[in-house]
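Trainee: Following this line is model_9.tsv, made up of TSV, C-alpha atoms:
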chain	number	residue	atom	x	y	z
A	9	MET	CA	0.00	0.00	0.00
A	10	SER	CA	1.28	3.48	-0.85
A	11	PRO	CA	1.61	6.24	1.78
A	12	VAL	CA	-1.07	8.22	-0.10
A	13	HIS	CA	-3.50	5.30	0.11
A	14	GLU	CA	-2.86	4.87	3.84
A	15	HIS	CA	-3.31	8.60	4.44
A	16	VAL	CA	-6.54	8.79	2.44
A	17	ALA	CA	-7.89	5.64	4.14
A	18	SER	CA	-7.34	7.31	7.51
A	19	LEU	CA	-9.21	10.44	6.33
A	20	LEU	CA	-12.32	8.81	4.90
A	21	GLY	CA	-14.29	8.91	8.15
A	22	SER	CA	-13.60	12.63	8.55
A	23	TRP	CA	-14.35	13.28	4.88
A	24	ALA	CA	-17.73	11.52	5.05
A	25	LEU	CA	-18.70	13.73	7.98
A	26	GLY	CA	-17.50	16.93	6.33
A	27	ALA	CA	-14.70	17.39	8.85
A	28	CYS	CA	-11.72	17.47	6.45
A	29	SER	CA	-9.77	20.59	5.59
A	30	ASP	CA	-9.85	21.84	1.97
A	31	GLU	CA	-6.43	20.30	1.36
A	32	GLU	CA	-7.51	16.93	2.80
A	33	THR	CA	-10.72	16.98	0.76
A	34	ARG	CA	-8.75	17.56	-2.47
A	35	LEU	CA	-6.45	14.65	-1.57
A	36	VAL	CA	-9.40	12.32	-0.93
A	37	MET	CA	-11.25	13.34	-4.10
A	38	GLY	CA	-8.13	12.87	-6.19
A	39	HIS	CA	-7.46	9.35	-4.87
A	40	VAL	CA	-10.84	7.69	-4.31
A	41	PRO	CA	-11.96	7.41	-8.00
A	42	HIS	CA	-8.82	5.39	-8.76
A	43	CYS	CA	-8.86	3.08	-5.71
A	44	PRO	CA	-11.56	0.37	-5.44
A	45	ALA	CA	-10.93	-0.23	-1.73
A	46	CYS	CA	-11.28	3.44	-0.82
A	47	MET	CA	-14.24	3.82	-3.15
A	48	GLU	CA	-16.09	1.00	-1.37
A	49	GLU	CA	-15.26	2.42	2.06
A	50	SER	CA	-16.29	5.94	1.03
A	51	LEU	CA	-19.66	4.71	-0.21
A	52	LEU	CA	-20.27	2.91	3.08
A	53	LEU	CA	-19.27	5.91	5.15
A	54	GLY	CA	-21.22	8.21	2.86
A	55	GLY	CA	-24.34	6.20	3.66
A	56	VAL	CA	-23.70	6.63	7.36
A	57	ALA	CA	-23.22	10.35	6.90
A	58	GLY	CA	-26.47	10.49	4.94
A	59	LEU	CA	-28.35	9.16	7.94
A	60	LEU	CA	-27.27	12.29	9.76
A	61	ASP	CA	-29.41	14.25	7.26
A	62	GLY	CA	-26.64	16.66	6.39
A	63	VAL	CA	-26.13	17.85	9.97
A	64	ARG	CA	-22.48	18.54	10.69
A	65	PRO	CA	-21.67	16.41	13.77
A	66	GLY	CA	-20.02	17.69	16.90
A	67	ALA	CA	-16.43	16.84	17.79
A	68	SER	CA	-17.44	14.04	20.14
A	69	LEU	CA	-19.42	12.22	17.42
A	70	ARG	CA	-16.59	12.61	14.94
A	71	GLU	CA	-14.13	11.18	17.46
A	72	ARG	CA	-16.38	8.23	18.30
A	73	THR	CA	-16.76	7.46	14.59
A	74	LEU	CA	-13.02	7.61	13.97
A	75	ALA	CA	-12.25	5.53	17.06
A	76	GLY	CA	-14.73	2.90	15.89
A	77	ALA	CA	-13.12	2.83	12.45
A	78	ARG	CA	-9.67	2.32	13.98
A	79	ALA	CA	-10.96	-0.52	16.14
A	80	ARG	CA	-12.72	-2.28	13.21
A	81	ARG	CA	-9.88	-2.14	10.72
A	82	ARG	CA	-6.37	-3.06	11.70
A	83	PRO	CA	-3.67	-0.67	10.51
A	84	VAL	CA	-1.92	-1.41	7.23
A	85	ALA	CA	1.54	-2.70	8.15
A	86	PRO	CA	4.43	-4.14	6.12
A	87	SER	CA	5.06	-7.89	5.99
A	88	VAL	CA	7.49	-8.83	8.76
A	89	PRO	CA	8.51	-11.91	10.79
A	90	SER	CA	6.18	-12.73	13.68
A	91	TYR	CA	8.37	-11.14	16.37
A	92	ALA	CA	8.17	-7.79	14.55
A	93	ALA	CA	4.41	-7.85	13.87
A	94	PRO	CA	3.50	-5.80	16.99
A	95	TYR	CA	5.99	-3.09	16.05
A	96	ALA	CA	4.87	-2.87	12.41
A	97	ALA	CA	1.19	-2.72	13.38
A	98	LEU	CA	1.66	-0.11	16.12
A	99	VAL	CA	3.76	2.08	13.85
A	100	SER	CA	0.88	2.06	11.37
A	101	MET	CA	-1.65	2.79	14.11
A	102	LEU	CA	0.36	5.77	15.33
A	103	ASP	CA	0.80	7.01	11.76
A	104	ALA	CA	-2.97	6.88	11.23
A	105	LEU	CA	-3.47	8.90	14.41
A	106	LEU	CA	-0.86	11.47	13.38
A	107	ALA	CA	-2.55	11.87	9.99
A	108	GLU	CA	-5.71	13.03	11.77
A	109	LEU	CA	-4.03	15.71	13.87
A	110	SER	CA	-4.43	19.37	13.01
A	111	ARG	CA	-1.41	21.62	12.65
A	112	ARG	CA	-2.18	23.16	16.04
A	113	ALA	CA	-2.42	19.75	17.73
A	114	TRP	CA	1.18	18.98	16.81
A	115	SER	CA	2.35	21.62	19.29
A	116	THR	CA	0.29	20.14	22.17
A	117	ASN	CA	2.35	19.26	25.23
A	118	VAL	CA	2.27	15.47	25.58
A	119	ILE	CA	4.76	14.44	28.28
A	120	TYR	CA	7.66	16.14	30.04
A	121	ASP	CA	8.16	19.30	27.97
A	122	TRP	CA	7.68	17.43	24.69
A	123	SER	CA	5.14	18.32	22.02
A	124	VAL	CA	3.66	15.75	19.64
A	125	GLN	CA	6.46	16.55	17.20
A	126	ASP	CA	9.07	16.02	19.93
A	127	VAL	CA	7.60	12.62	20.89
A	128	VAL	CA	7.70	11.47	17.25
A	129	ALA	CA	11.30	12.70	17.04
A	130	HIS	CA	12.15	10.70	20.18
A	131	LEU	CA	10.69	7.54	18.66
A	132	SER	CA	12.68	8.16	15.49
A	133	ALA	CA	15.87	8.67	17.50
A	134	THR	CA	15.56	5.36	19.35
A	135	ASP	CA	14.55	3.48	16.21
A	136	SER	CA	17.65	4.85	14.48
A	137	LEU	CA	19.92	3.39	17.16
A	138	LEU	CA	18.52	-0.06	16.54
A	139	ALA	CA	18.72	0.38	12.76
A	140	GLU	CA	22.34	1.47	12.86
A	141	GLN	CA	23.42	-1.48	15.00
A	142	LEU	CA	21.64	-3.96	12.75
A	143	ASN	CA	23.19	-2.48	9.64
A	144	THR	CA	26.66	-2.54	11.18
A	145	GLN	CA	26.29	-6.32	11.34
A	146	ASP	CA	26.08	-6.78	7.57
A	147	GLY	CA	27.69	-3.64	6.17
A	148	ALA	CA	24.44	-2.25	4.79
A	149	PRO	CA	24.08	1.55	4.66
A	150	VAL	CA	22.67	3.19	7.77
A	151	LEU	CA	18.92	3.82	7.52
A	152	ALA	CA	18.77	6.88	9.76
A	153	ARG	CA	20.17	10.30	8.98
A	154	ALA	CA	23.83	10.57	9.96
A	155	GLU	CA	23.71	14.09	11.41
A	156	PRO	CA	21.87	13.34	14.69
A	157	ALA	CA	24.48	10.75	15.64
A	158	GLN	CA	27.35	13.24	15.60
A	159	GLY	CA	28.65	14.01	19.06
A	160	ALA	CA	26.55	11.28	20.68
A	161	ASP	CA	27.45	7.81	21.86
A	162	ALA	CA	25.98	5.40	19.30
A	163	ARG	CA	24.05	3.69	22.11
A	164	ASP	CA	23.05	6.74	24.18
A	165	VAL	CA	19.29	7.01	23.76
A	166	ASP	CA	18.97	10.26	25.74
A	167	ALA	CA	21.74	12.04	23.84
A	168	ARG	CA	20.40	10.91	20.47
A	169	THR	CA	16.89	11.98	21.45
A	170	ALA	CA	18.06	15.49	22.38
A	171	LEU	CA	19.85	15.88	19.05
A	172	VAL	CA	16.97	14.63	16.93
A	173	ILE	CA	14.36	16.70	18.79
A	174	ASP	CA	16.48	19.81	18.29
A	175	GLU	CA	16.81	19.01	14.58
A	176	GLN	CA	13.11	18.29	14.04
A	177	ARG	CA	11.91	21.42	15.82
A	178	GLY	CA	13.23	23.35	12.84
A	179	ARG	CA	11.05	21.40	10.43
A	180	GLY	CA	7.39	21.10	9.56
A	181	HIS	CA	5.40	18.48	11.43
A	182	GLU	CA	4.56	16.55	8.26
A	183	GLU	CA	8.26	16.26	7.42
A	184	THR	CA	8.89	14.88	10.91
A	185	ARG	CA	6.07	12.36	10.49
A	186	VAL	CA	7.23	11.19	7.05
A	187	SER	CA	10.86	10.90	8.19
A	188	TRP	CA	9.86	8.77	11.21
A	189	ARG	CA	7.52	6.51	9.20
A	190	THR	CA	9.99	6.06	6.35
A	191	GLN	CA	12.70	5.00	8.78
A	192	ALA	CA	10.33	2.64	10.62
A	193	ASP	CA	9.32	0.97	7.36
A	194	ALA	CA	12.97	0.61	6.37
A	195	LEU	CA	13.72	-0.95	9.74
A	196	CYS	CA	10.89	-3.44	9.22
A	197	ALA	CA	12.32	-4.32	5.82
A	198	ARG	CA	15.67	-5.11	7.49
A	199	LEU	CA	14.13	-7.53	10.01
A	200	ASP	CA	14.12	-11.25	9.29
A	201	GLU	CA	14.51	-14.49	11.23
A	202	GLU	CA	18.30	-14.30	10.99
A	203	ALA	CA	18.34	-10.79	12.51
A	204	ALA	CA	16.32	-11.96	15.54
A	205	ALA	CA	19.36	-13.33	17.39
A	206	ILE	CA	21.69	-10.35	16.79
A	207	ARG	CA	22.73	-8.71	20.06
A	208	VAL	CA	22.01	-4.97	20.26
A	209	VAL	CA	22.03	-2.32	22.97
A	210	LEU	CA	19.18	0.11	23.66
A	211	LYS	CA	20.24	1.30	27.12
A	212	PHE	CA	20.56	-2.39	27.98
A	213	PRO	CA	21.88	-5.33	25.89
A	214	MET	CA	19.27	-7.67	24.40
A	215	ARG	CA	18.50	-9.74	21.33
A	216	THR	CA	16.98	-7.98	18.35
A	217	ASP	CA	13.68	-9.83	18.65
A	218	SER	CA	13.29	-8.50	22.22
A	219	ALA	CA	14.45	-5.03	21.19
A	220	VAL	CA	11.80	-4.87	18.45
A	221	VAL	CA	9.06	-5.81	20.93
A	222	ALA	CA	10.44	-3.10	23.23
A	223	ARG	CA	10.12	-0.65	20.31
A	224	ALA	CA	6.51	-1.81	19.83
A	225	PHE	CA	5.87	-1.24	23.56
A	226	GLU	CA	7.23	2.30	23.48
A	227	THR	CA	5.50	3.15	20.20
A	228	TRP	CA	2.16	2.07	21.65
A	229	VAL	CA	2.67	3.91	24.95
A	230	HIS	CA	3.61	7.16	23.21
A	231	ALA	CA	0.73	6.78	20.71
A	232	ARG	CA	-1.52	6.49	23.75
A	233	ASP	CA	0.14	9.58	25.28
A	234	ILE	CA	-0.46	11.56	22.09
A	235	ALA	CA	-4.09	10.41	21.79
A	236	THR	CA	-4.81	11.38	25.39
A	237	ALA	CA	-3.14	14.78	25.09
A	238	THR	CA	-4.95	15.67	21.86
A	239	GLY	CA	-8.39	14.36	22.86
A	240	HIS	CA	-8.42	11.31	20.58
A	241	SER	CA	-9.33	7.70	21.24
A	242	LEU	CA	-7.01	4.82	20.46
A	243	PRO	CA	-7.98	1.13	20.47
A	244	PRO	CA	-5.78	-1.28	22.44
A	245	PRO	CA	-3.29	-3.45	20.55
A	246	PRO	CA	-4.67	-6.77	19.28
A	247	PRO	CA	-4.47	-9.46	22.01
A	248	GLU	CA	-1.58	-11.31	20.36
A	249	HIS	CA	0.46	-8.09	20.21
A	250	LEU	CA	-0.44	-7.12	23.76
A	251	HIS	CA	0.65	-10.61	24.86
A	252	ALA	CA	4.09	-10.11	23.29
A	253	ILE	CA	4.44	-6.76	25.08
A	254	ALA	CA	3.26	-8.21	28.39
A	255	THR	CA	5.63	-11.17	28.06
A	256	LEU	CA	8.57	-8.80	27.63
A	257	GLY	CA	7.51	-6.86	30.73
A	258	VAL	CA	7.00	-9.95	32.88
A	259	ARG	CA	10.30	-11.54	31.90
A	260	ALA	CA	12.05	-8.30	32.79
A	261	LEU	CA	10.79	-8.39	36.40
A	262	PRO	CA	13.78	-10.27	37.95
A	263	GLY	CA	16.21	-7.83	36.30
A	264	ALA	CA	14.04	-4.86	37.22
A	265	LEU	CA	13.99	-5.89	40.87
A	266	ALA	CA	17.77	-6.44	40.90
A	267	LEU	CA	18.31	-3.07	39.20
A	268	ARG	CA	16.04	-1.25	41.65
A	269	GLU	CA	17.49	-2.91	44.79
A	270	GLY	CA	21.10	-3.38	43.67
A	271	ARG	CA	21.07	-7.16	44.09
A	272	ALA	CA	19.20	-10.26	42.95
A	273	ALA	CA	16.54	-11.73	45.24
A	274	ALA	CA	18.19	-15.04	46.19
A	275	GLY	CA	15.94	-17.96	47.10
A	276	GLU	CA	12.75	-16.36	45.82
A	277	SER	CA	10.47	-16.76	42.80
A	278	VAL	CA	7.28	-15.19	41.46
A	279	HIS	CA	4.21	-16.48	39.63
A	280	VAL	CA	2.50	-13.82	37.51
A	281	ASP	CA	-1.04	-14.31	36.22
A	282	LEU	CA	-2.19	-11.63	33.78
A	283	ARG	CA	-5.92	-11.64	33.05
A	284	GLY	CA	-7.95	-10.43	30.10
A	285	PRO	CA	-6.97	-10.04	26.42
A	286	GLY	CA	-3.27	-10.68	25.84
A	287	GLY	CA	-2.79	-12.33	29.22
A	288	GLY	CA	-1.00	-15.47	30.33
A	289	ALA	CA	0.84	-17.07	33.24
A	290	TRP	CA	4.57	-17.10	34.01
A	291	HIS	CA	6.71	-18.62	36.78
A	292	LEU	CA	10.06	-16.86	37.17
A	293	PRO	CA	13.08	-17.26	39.46
A	294	LEU	CA	14.10	-13.92	40.95
A	295	GLY	CA	17.69	-15.00	41.56
A	296	PRO	CA	19.84	-18.02	42.46
A	297	SER	CA	18.48	-20.92	44.52
A	298	ALA	CA	14.90	-20.14	43.52
A	299	PRO	CA	12.31	-22.63	44.80
A	300	ASP	CA	9.98	-24.55	42.50
A	301	LYS	CA	6.98	-23.29	44.45
A	302	PRO	CA	6.53	-19.54	44.01
A	303	THR	CA	7.41	-17.33	46.95
A	304	VAL	CA	4.84	-14.77	45.83
A	305	THR	CA	1.96	-14.72	43.35
A	306	LEU	CA	0.65	-11.69	41.48
A	307	ALA	CA	-2.67	-11.64	39.61
A	308	LEU	CA	-3.77	-8.52	37.73
A	309	ASP	CA	-5.16	-7.19	34.47
A	310	THR	CA	-2.85	-7.40	31.44
A	311	MET	CA	-3.38	-3.80	30.38
A	312	ASP	CA	-2.81	-2.55	33.93
A	313	PHE	CA	0.45	-4.48	34.13
A	314	CYS	CA	1.71	-3.05	30.83
A	315	LEU	CA	0.87	0.51	31.89
A	316	LEU	CA	2.55	-0.14	35.26
A	317	ALA	CA	5.71	-1.35	33.50
A	318	ALA	CA	5.57	1.75	31.27
A	319	GLU	CA	5.27	4.00	34.35
A	320	ARG	CA	1.87	5.25	33.26
A	321	LEU	CA	0.19	3.75	36.33
A	322	ARG	CA	1.47	3.43	39.90
A	323	PRO	CA	1.13	0.26	42.01
A	324	GLY	CA	-1.52	1.96	44.16
A	325	GLU	CA	-3.64	2.73	41.08
A	326	ILE	CA	-4.18	-0.85	39.97
A	327	ARG	CA	-6.13	-3.77	41.38
A	328	VAL	CA	-3.80	-6.70	42.08
A	329	ASP	CA	-4.17	-9.86	44.14
A	330	VAL	CA	-0.93	-10.66	45.99
A	331	GLY	CA	-0.44	-14.08	47.56
A	332	GLY	CA	2.41	-15.50	49.64
A	333	ASP	CA	5.16	-13.02	50.52
A	334	VAL	CA	3.15	-9.78	50.29
A	335	PRO	CA	6.10	-7.42	51.02
A	336	LEU	CA	8.07	-9.09	48.20
A	337	GLY	CA	5.07	-8.67	45.91
A	338	ARG	CA	4.97	-4.96	46.67
A	339	ARG	CA	8.70	-4.67	45.96
A	340	ILE	CA	8.23	-6.35	42.58
A	341	LEU	CA	5.34	-4.07	41.65
A	342	ALA	CA	7.38	-1.01	42.68
A	343	ALA	CA	10.29	-2.22	40.50
A	344	ALA	CA	8.19	-3.12	37.44
A	345	SER	CA	8.90	0.23	35.75
A	346	ALA	CA	12.68	0.13	36.35
A	347	PHE	CA	13.40	-0.21	32.64
A	348	ALA	CA	10.85	2.42	31.54
A	349	GLY	CA	12.39	5.20	29.51
A	350	PRO	CA	11.24	8.62	28.47
Could you quickly redo this structure as structure tokens?
Mentor:
Amino acid sequence: MSPVHEHVASLLGSWALGACSDEETRLVMGHVPHCPACMEESLLLGGVAGLLDGVRPGASLRERTLAGARARRRPVAPSVPSYAAPYAALVSMLDALLAELSRRAWSTNVIYDWSVQDVVAHLSATDSLLAEQLNTQDGAPVLARAEPAQGADARDVDARTALVIDEQRGRGHEETRVSWRTQADALCARLDEEAAAIRVVLKFPMRTDSAVVARAFETWVHARDIATATGHSLPPPPPEHLHAIATLGVRALPGALALREGRAAAGESVHVDLRGPGGGAWHLPLGPSAPDKPTVTLALDTMDFCLLAAERLRPGEIRVDVGGDVPLGRRILAAASAFAGP
């Protein structure tokens, strides 16, 4: 699918309700007559708009319609190996959200002192670190722009982020969006089964397949941040993608606890039961001499756990059933976000 097709597909709901700008309307009208898929969708949405009897809907109705469309139709994503599917899909979901934002919305403060444009630049910066390390392995040309890397450690996420944000603030928001999406698509094209086992460093060393799930996790969290800040709705990731993200977060718990407390928890283990879409059960040793029977059990909602690991929820804001060593359970929950980045 071409970028124009993806952009127009994301605009059809707004167009049917008369909520597109003049420029967006011209883009839709120029593309739809030549695209059977968009033509069919536009006719369907046009019928829905007709039921409104020509009344221009309020912002809340428009948002509910767009949110429903996002939930019904999964984002268009490139073909990738299974471990990269969450990343490819969430990149496409974020891109569809960004395509709906007004020029003014791009300057909205999202998190820290970052605007929407700054958050997209941050995602691009971290993606570029992964891309560069993968391409170093086989001598392929670097996907990301070379300039942001100058003066920064090749594996320093914070330094690279500062450089790329500074660079992108001098550009138009659409240029920032296209640059990020183009790089993300190129990264997806580089991923294959052979690349999965390559060791890379994004703050911490890990295999590429884990790093790509971590990129999916951050892309989703920041898409959610942007949607919340700009008054949009975003559907949750599909259960199979949420499961991959949750699995990464759960398996990181022993390391997170050791990082937070400065030592491994010897002779202890945890059983984690995540409920709802994307959930599962895991039994993990927290350090050496771990018993077969769990020292502590944690049962909570999958989405709550992911948002806890992303530092978007605090332990006191979620409902969790803790069994066995309750103080240890509280320590684990407090440490769950140890690897969360900006």
Trainee: Residues at most 8 Å from Leu195 (chain A), counting only C-alpha atoms, excluding those fewer than 4 positions away in the same chain, as a list of chain:residue names?
Mentor: A:Asp135, A:Ala139, A:Leu151, A:Gln191, A:Leu199
Trainee: Could you list, with a cut-off of 8 Å and counting only C-alpha atoms, the residues of region 84-140 of chain A near region 237-243 of chain A, each shown with its nearest atom pair and the distance in Å rounded to one decimal, rows sorted by chain and ascending number, as a tab-separated table?
Mentor:
residue	atom	partner	partner_atom	distance
A:Ala113	CA	A:Thr238	CA	6.3
A:Thr116	CA	A:Thr238	CA	6.9
A:Asn117	CA	A:Ala237	CA	7.1
A:Val118	CA	A:Ala237	CA	5.5
Trainee: Just write the chosen residues, C-alpha atoms, as a short mmCIF file (atom, residue, chain, number, x, y, z; two decimals), keeping the file's coordinate frame.
Mentor:
data_model
loop_
_atom_site.label_atom_id
_atom_site.label_comp_id
_atom_site.auth_asym_id
_atom_site.auth_seq_id
_atom_site.Cartn_x
_atom_site.Cartn_y
_atom_site.Cartn_z
CA ALA A 113 -2.42 19.75 17.73
CA THR A 116 0.29 20.14 22.17
CA ASN A 117 2.35 19.26 25.23
CA VAL A 118 2.27 15.47 25.58
#
Trainee: Which residue, A:Arg283, A:Lys301, A:Arg320, A:His251, has the smallest gap to Arg232 (chain A) when you use all atoms listed in the file?
Mentor: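 Using all atoms listed in the file, the shortest distance to Arg232 (chain A) belongs to A:Arg320.
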Trainee: Using only C-alpha atoms for the distances, tell me which of A:Met37, A:Ala204, A:Val16, A:Val258 is nearest to His291 (chain A).
Mentor: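 With only C-alpha atoms as the atom set, the closest residue is A:Val258.
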Trainee: Pick the closest to Leu321 (chain A) from A:Ser136, A:Thr303, A:Glu276, A:Val229: which is it, counting only C-alpha atoms?
Mentor: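 Smallest separation from Leu321 (chain A) among the options: A:Val229.
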Trainee: Give me the residues within 10 Å of region 252-256 of chain A as a VMD selection string, counting all atoms listed in the file and dropping any in the same chain fewer than 4 places off.
Mentor: chain A and resid 91 to 95 218 to 219 221 to 226 228 245 247 to 248 260 to 261 282 286 to 290 310 to 315 317
Trainee: May I ask for the distance between CA of Leu316 (chain A) and CA of Ala346 (chain A), given in Å to one decimal place?
Mentor: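 These atoms are spaced 10.2 Å apart.
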Trainee: For Asp193 (chain A), which residue among A:Val128, A:Ala96, A:Ala273, A:Leu308 is the nearest when counting only C-alpha atoms?
Mentor: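 So, comparing all the options, the nearest one is A:Ala96.
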Trainee: Which distance in Å separates CA of Asp233 (chain A) and CA of Glu49 (chain A), to one decimal?
Mentor: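 Atom-to-atom, CA of Asp233 (chain A) to CA of Glu49 (chain A), that is 28.8 Å.
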